[in-house]
Amino acid sequence: MLDTIEFAAVVASAIYGVLRAARKQLDVVGMVTLAFAVAFGGGTLRDLFLDRHPLFWIANAHYPVIVFVLGVVGSVLPRHVARVERLLAIPDALGLGLFAVVGAGFALEAETSLFVASVLGVVTGTFGGVIGDVICNEIPSLFRSSPLYATCAFVGAWTYLLLGLTAWPQAVAVTGGIVVTVLMRLAALRWDIRIPSRESEVRDQKSEVRNEGADL
Amino acid sequence: MLDTIEFAAVVASAIYGVLRAARKQLDVVGMVTLAFAVAFGGGTLRDLFLDRHPLFWIANAHYPVIVFVLGVVGSVLPRHVARVERLLAIPDALGLGLFAVVGAGFALEAETSLFVASVLGVVTGTFGGVIGDVICNEIPSLFRSSPLYATCAFVGAWTYLLLGLTAWPQAVAVTGGIVVTVLMRLAALRWDIRIPSRESEVRDQKSEVRNEGADL
Amino acid sequence: MLDTIEFAAVVASAIYGVLRAARKQLDVVGMVTLAFAVAFGGGTLRDLFLDRHPLFWIANAHYPVIVFVLGVVGSVLPRHVARVERLLAIPDALGLGLFAVVGAGFALEAETSLFVASVLGVVTGTFGGVIGDVICNEIPSLFRSSPLYATCAFVGAWTYLLLGLTAWPQAVAVTGGIVVTVLMRLAALRWDIRIPSRESEVRDQKSEVRNEGADL
């Protein structure tokens, strides 16, 4: 069942990678590479870290074909891609939740600790995007003050791990982890929930000081 | 035979890495690191993805020594290096073709699909340079509008793979893949063949609109 | 014994990663990620390159917990972190020496050549920082003209490797390698010892030319 989930996550992430490349106005080579990086980056790190071979996109030989086609189509139909951009949030949140749960699940199979499993869930869910950002020469959006992202994967992975400790069937844990991640991510986007950054704290303190009439 | 080819590709790539570092005016540490990254980056990813151990540069213990020496020499003789710069195209094209064919060949040995093999050929041929660019904090030249590069590796890898399906000896497939890659790359450099980028399309459309006297 | 050493190196590196993230004003997600990257990056590359599984931070399941806590604490107490900044040199030099020796030691266990072992020592010691810099979208400080760093790891690794060839006990080689790295690094910081860069050479030549009254 984890494998079925993975397929949906790959497609969602590849589309996200294509949109990412379209925004950067990369050519078809860049678009395909970025689709690969975002779709396979996190899962590849997970497989390498856990010594799972063949890698999931080598074992599922249709994955690279699909991602390749998505990249090529994206480069041919840029306007249509731009129009899809507003729909980005849903597949992205879904991919995040799916990868986080699958990553944590594979880690448990390799008998890691619960905490390491949660870390691998977050890595699987978010590092495709981080690698894409690094390749695009940008500071990963993961680190800029933006609506909760990695945090959702972390909470979702833990939901899955803790539900897995109960007597309930595995499907409940998987579904629970994914649903929590997706809902939390969509809520973060909807109400712009962010981690209060130190920078804004400093700014707040500065304005307080200003209100007291002190110089800086 | 694939191993013999690899040696030539490593030397060519290391020289390319040294020239790359010289242009960035890196010191000897940066020059050696970049020589390592460009020469070993693509092949290391290939070996990790295919679970080939020991890695090719650990198994061939003279590779790192040679690359190290090239890096040190390059940092001591910068002017001589700069003079070699115009000769860059040939060893680079050769390295691209060699790595693409070797990468696809090793993938086939690991019983991947043909498409995955072609992807690993491209990764082996081009990702040394991508990693070098990422380390140098530049958007990989692979993605900027520039003469065909990854595309040549892709076509060369497929030439090798399809020739390998025939009854002809393996050497024909290997030679064919390399020759096609090298010729295509040199032709792309000579006549400045690029992938038409969406940006230029947009520009073309804009000028068309302008010609019709419309405002933007 | 190498394992005990590794623990100290992980803590030192994680603190370095946290300080690095604090300077960049990253939020808690970025701080934790950077702490992970700097603390585990070099060792993870070493383990992947040498096919050592489970990875050292999966086998030592308390490592990620400690690094995670350091990252969270660092994001909550930024001012205290900033105050620690001046103390950065010591744990960093220690981590460099420890990782260089451990990396070279693990490579020898995998029966690599001495030179490959020294390369893996340097990679283990320095690539956590390189990965951190790349993620932060900066040219690795390793490559900018700055007090000797990778060079210290290189010399320290060779000290360990050569002492290991003698009849003296292993502990002497380990201690020797670490002490040489640390002393060399602290000396480089104290007296600002750098690799003379080609840029400064060029500048020197330019000023010579100017002194002769020539135009550029």
# chains A, B, ... in the order shown; residues from 1 in each chain; ligands from 1

call {"tool": "interface_residues", "arguments": {"of": "chain A", "to": "chain B", "cutoff": "8 Å", "atoms": "only C-alpha atoms", "output": "PyMOL selection string"}}
result
chain A and resi 25-30+48+53-55+58-59+61+64-65+75+78+134-137

call {"tool": "write_last_selection", "arguments": {"atoms": "all heavy atoms", "output": "CSV table (one decimal), in the first residue's frame"}}
result
chain,number,residue,atom,x,y,z
A,25,GLN,N,11.9,30.2,-15.5
A,25,GLN,CA,12.1,30.3,-17.0
A,25,GLN,C,13.2,29.4,-17.5
A,25,GLN,O,14.0,29.8,-18.3
A,25,GLN,CB,12.3,31.7,-17.4
A,25,GLN,CG,11.2,32.6,-17.0
A,25,GLN,CD,11.0,33.8,-17.9
A,25,GLN,OE1,12.0,34.5,-18.2
A,25,GLN,NE2,9.8,34.1,-18.2
A,26,LEU,N,13.3,28.2,-16.9
A,26,LEU,CA,14.4,27.3,-17.3
A,26,LEU,C,13.9,26.6,-18.6
A,26,LEU,O,12.7,26.6,-18.9
A,26,LEU,CB,14.6,26.2,-16.3
A,26,LEU,CG,15.1,26.7,-14.9
A,26,LEU,CD1,15.4,25.5,-14.0
A,26,LEU,CD2,16.3,27.6,-15.0
A,27,ASP,N,14.9,26.2,-19.4
A,27,ASP,CA,14.5,25.5,-20.7
A,27,ASP,C,14.1,24.0,-20.3
A,27,ASP,O,14.1,23.6,-19.2
A,27,ASP,CB,15.7,25.5,-21.7
A,27,ASP,CG,16.9,24.7,-21.2
A,27,ASP,OD1,16.8,24.0,-20.2
A,27,ASP,OD2,17.9,24.9,-21.9
A,28,VAL,N,13.9,23.2,-21.4
A,28,VAL,CA,13.4,21.9,-21.1
A,28,VAL,C,14.3,21.0,-20.3
A,28,VAL,O,13.9,20.2,-19.5
A,28,VAL,CB,13.0,21.2,-22.5
A,28,VAL,CG1,14.2,21.0,-23.3
A,28,VAL,CG2,12.3,19.9,-22.2
A,29,VAL,N,15.6,21.2,-20.5
A,29,VAL,CA,16.6,20.4,-19.8
A,29,VAL,C,16.5,20.7,-18.3
A,29,VAL,O,16.4,19.9,-17.4
A,29,VAL,CB,18.1,20.7,-20.2
A,29,VAL,CG1,19.1,20.0,-19.3
A,29,VAL,CG2,18.2,20.2,-21.7
A,30,GLY,N,16.4,22.0,-18.0
A,30,GLY,CA,16.3,22.4,-16.6
A,30,GLY,C,15.0,22.0,-16.0
A,30,GLY,O,14.9,21.6,-14.8
A,48,LEU,N,19.1,6.0,0.1
A,48,LEU,CA,20.5,5.9,0.3
A,48,LEU,C,20.8,5.8,1.8
A,48,LEU,O,21.6,5.0,2.2
A,48,LEU,CB,21.2,7.2,-0.3
A,48,LEU,CG,21.2,7.2,-1.9
A,48,LEU,CD1,21.9,8.5,-2.3
A,48,LEU,CD2,22.0,6.0,-2.5
A,53,HIS,N,17.9,-0.7,-1.8
A,53,HIS,CA,18.3,-0.8,-3.3
A,53,HIS,C,17.4,-1.9,-3.9
A,53,HIS,O,17.1,-2.9,-3.2
A,53,HIS,CB,19.8,-1.1,-3.4
A,53,HIS,CG,20.6,0.1,-3.1
A,53,HIS,ND1,20.8,1.1,-4.0
A,53,HIS,CD2,21.3,0.4,-2.0
A,53,HIS,CE1,21.6,2.0,-3.5
A,53,HIS,NE2,21.9,1.6,-2.2
A,54,PRO,N,17.0,-1.8,-5.2
A,54,PRO,CA,17.3,-0.6,-6.0
A,54,PRO,C,16.4,0.6,-5.5
A,54,PRO,O,15.4,0.4,-4.9
A,54,PRO,CB,16.8,-1.0,-7.4
A,54,PRO,CG,15.8,-2.2,-7.1
A,54,PRO,CD,16.3,-2.8,-5.9
A,55,LEU,N,16.9,1.8,-5.8
A,55,LEU,CA,16.2,3.0,-5.5
A,55,LEU,C,14.8,3.0,-6.0
A,55,LEU,O,14.5,2.3,-7.0
A,55,LEU,CB,16.9,4.2,-6.1
A,55,LEU,CG,18.4,4.5,-5.7
A,55,LEU,CD1,18.9,5.8,-6.3
A,55,LEU,CD2,18.5,4.5,-4.1
A,58,ILE,N,14.3,3.5,-9.6
A,58,ILE,CA,14.9,2.5,-10.4
A,58,ILE,C,14.0,1.3,-10.4
A,58,ILE,O,13.8,0.6,-11.5
A,58,ILE,CB,16.3,2.2,-10.0
A,58,ILE,CG1,17.2,3.4,-10.3
A,58,ILE,CG2,16.9,1.0,-10.8
A,58,ILE,CD1,18.7,3.3,-9.9
A,59,ALA,N,13.5,0.9,-9.2
A,59,ALA,CA,12.6,-0.2,-9.1
A,59,ALA,C,11.3,0.0,-9.9
A,59,ALA,O,10.8,-0.9,-10.5
A,59,ALA,CB,12.4,-0.5,-7.6
A,61,ALA,N,10.3,1.5,-12.7
A,61,ALA,CA,10.9,2.1,-13.9
A,61,ALA,C,10.0,3.1,-14.7
A,61,ALA,O,10.4,3.8,-15.5
A,61,ALA,CB,11.4,1.0,-14.9
A,64,PRO,N,10.4,7.5,-13.7
A,64,PRO,CA,11.2,8.4,-14.5
A,64,PRO,C,10.6,8.8,-15.8
A,64,PRO,O,10.7,9.9,-16.3
A,64,PRO,CB,12.6,7.7,-14.7
A,64,PRO,CG,12.6,6.6,-13.7
A,64,PRO,CD,11.2,6.2,-13.4
A,65,VAL,N,9.9,7.8,-16.5
A,65,VAL,CA,9.3,8.1,-17.7
A,65,VAL,C,8.2,9.1,-17.5
A,65,VAL,O,8.1,10.1,-18.3
A,65,VAL,CB,8.7,6.8,-18.3
A,65,VAL,CG1,8.0,7.1,-19.7
A,65,VAL,CG2,9.8,5.8,-18.6
A,75,SER,N,7.4,22.2,-20.5
A,75,SER,CA,8.2,23.2,-21.2
A,75,SER,C,7.6,23.6,-22.6
A,75,SER,O,7.8,24.6,-23.1
A,75,SER,CB,9.6,22.6,-21.5
A,75,SER,OG,9.5,21.6,-22.5
A,78,PRO,N,3.9,26.3,-21.5
A,78,PRO,CA,4.2,27.1,-20.4
A,78,PRO,C,3.0,27.9,-19.8
A,78,PRO,O,2.8,28.0,-18.6
A,78,PRO,CB,5.3,28.1,-20.9
A,78,PRO,CG,5.2,28.1,-22.4
A,78,PRO,CD,4.7,26.7,-22.7
A,134,VAL,N,18.3,24.6,-4.0
A,134,VAL,CA,19.8,24.7,-4.0
A,134,VAL,C,20.3,24.7,-5.4
A,134,VAL,O,21.1,25.5,-5.8
A,134,VAL,CB,20.4,23.5,-3.2
A,134,VAL,CG1,21.9,23.5,-3.5
A,134,VAL,CG2,20.2,23.7,-1.7
A,135,ILE,N,19.7,23.8,-6.3
A,135,ILE,CA,20.1,23.8,-7.7
A,135,ILE,C,19.7,25.2,-8.3
A,135,ILE,O,20.5,25.7,-9.2
A,135,ILE,CB,19.4,22.7,-8.4
A,135,ILE,CG1,20.0,21.3,-8.0
A,135,ILE,CG2,19.5,22.8,-9.9
A,135,ILE,CD1,19.4,20.1,-8.7
A,136,CYS,N,18.6,25.7,-8.0
A,136,CYS,CA,18.2,27.0,-8.5
A,136,CYS,C,18.9,28.2,-7.9
A,136,CYS,O,18.6,29.3,-8.2
A,136,CYS,CB,16.7,27.2,-8.3
A,136,CYS,SG,15.7,26.3,-9.5
A,137,ASN,N,19.8,27.9,-7.0
A,137,ASN,CA,20.7,28.9,-6.4
A,137,ASN,C,19.9,29.8,-5.5
A,137,ASN,O,20.1,31.1,-5.5
A,137,ASN,CB,21.4,29.7,-7.5
A,137,ASN,CG,22.6,30.4,-7.0
A,137,ASN,OD1,23.1,30.0,-6.0
A,137,ASN,ND2,23.0,31.4,-7.8

call {"tool": "residues_around", "arguments": {"residues": "Phe154 in chain C", "least_positions_apart": "4", "cutoff": "7 Å", "atoms": "only C-alpha atoms", "output": "list in words"}}
result
Ser118, Val122, Ala150 and Trp158 of chain C

call {"tool": "residues_around", "arguments": {"residues": "range 170-172 of chain B", "least_positions_apart": "2", "cutoff": "12 Å", "atoms": "only C-alpha atoms", "output": "list in words"}}
result
Met1, Leu2, Ile5, Val101, Val102, Gly105, Thr159, Tyr160, Leu161, Leu162, Leu163, Gly164, Leu165, Thr166, Ala167, Trp168, Val174, Thr175, Gly176, Gly177, Ile178, Val179 and Val180 of chain B

call {"tool": "residues_around", "arguments": {"residues": "Ala89 in chain B", "least_positions_apart": "3", "cutoff": "10 Å", "atoms": "only C-alpha atoms", "output": "ChimeraX atom specification"}}
result
/B:16,85-86,92-95,182,185-186,189

call {"tool": "write_last_selection", "arguments": {"atoms": "N, CA and C atoms", "output": "mmCIF file, in the first residue's frame"}}
result
data_model
loop_
_atom_site.group_PDB
_atom_site.id
_atom_site.type_symbol
_atom_site.label_atom_id
_atom_site.label_comp_id
_atom_site.auth_asym_id
_atom_site.auth_seq_id
_atom_site.Cartn_x
_atom_site.Cartn_y
_atom_site.Cartn_z
ATOM 1 N N TYR B 16 38.838 20.061 -16.700
ATOM 2 C CA TYR B 16 37.721 20.992 -16.809
ATOM 3 C C TYR B 16 37.416 21.647 -15.461
ATOM 4 N N GLU B 85 42.523 27.182 -21.873
ATOM 5 C CA GLU B 85 41.072 27.331 -21.811
ATOM 6 C C GLU B 85 40.395 27.132 -23.158
ATOM 7 N N ARG B 86 41.046 27.608 -24.231
ATOM 8 C CA ARG B 86 40.424 27.488 -25.553
ATOM 9 C C ARG B 86 40.333 26.045 -26.027
ATOM 10 N N ASP B 92 36.207 18.173 -22.811
ATOM 11 C CA ASP B 92 34.906 18.216 -22.159
ATOM 12 C C ASP B 92 33.894 17.372 -22.927
ATOM 13 N N ALA B 93 33.857 17.526 -24.259
ATOM 14 C CA ALA B 93 32.927 16.740 -25.072
ATOM 15 C C ALA B 93 33.247 15.259 -24.958
ATOM 16 N N LEU B 94 34.547 14.955 -24.951
ATOM 17 C CA LEU B 94 34.964 13.563 -24.826
ATOM 18 C C LEU B 94 34.518 12.987 -23.477
ATOM 19 N N GLY B 95 34.764 13.734 -22.420
ATOM 20 C CA GLY B 95 34.355 13.288 -21.095
ATOM 21 C C GLY B 95 32.851 13.070 -21.031
ATOM 22 N N VAL B 182 30.083 13.250 -28.904
ATOM 23 C CA VAL B 182 31.149 14.216 -29.161
ATOM 24 C C VAL B 182 30.824 15.070 -30.391
ATOM 25 N N ARG B 185 27.957 17.471 -29.651
ATOM 26 C CA ARG B 185 28.392 18.551 -28.771
ATOM 27 C C ARG B 185 29.250 19.566 -29.529
ATOM 28 N N LEU B 186 30.200 19.076 -30.305
ATOM 29 C CA LEU B 186 31.076 19.991 -31.034
ATOM 30 C C LEU B 186 30.280 20.774 -32.079
ATOM 31 N N LEU B 189 28.461 23.530 -30.319
ATOM 32 C CA LEU B 189 29.361 24.642 -30.005
ATOM 33 C C LEU B 189 29.686 25.438 -31.272
#

call {"tool": "closest_residue", "arguments": {"among": "A:Val10, A:Asn60, A:Ile15, A:Thr33", "to": "Thr126 in chain B", "atoms": "only C-alpha atoms"}}
result
A:Thr33

call {"tool": "residues_around", "arguments": {"residues": "range 34-41 of chain A", "least_positions_apart": "3", "cutoff": "8 Å", "atoms": "only C-alpha atoms", "output": "MDAnalysis selection string"}}
result
chainID A and resid 9:18 20:21 30:31 44:45 57 64 67:68 70:71 124 127:129 131:132
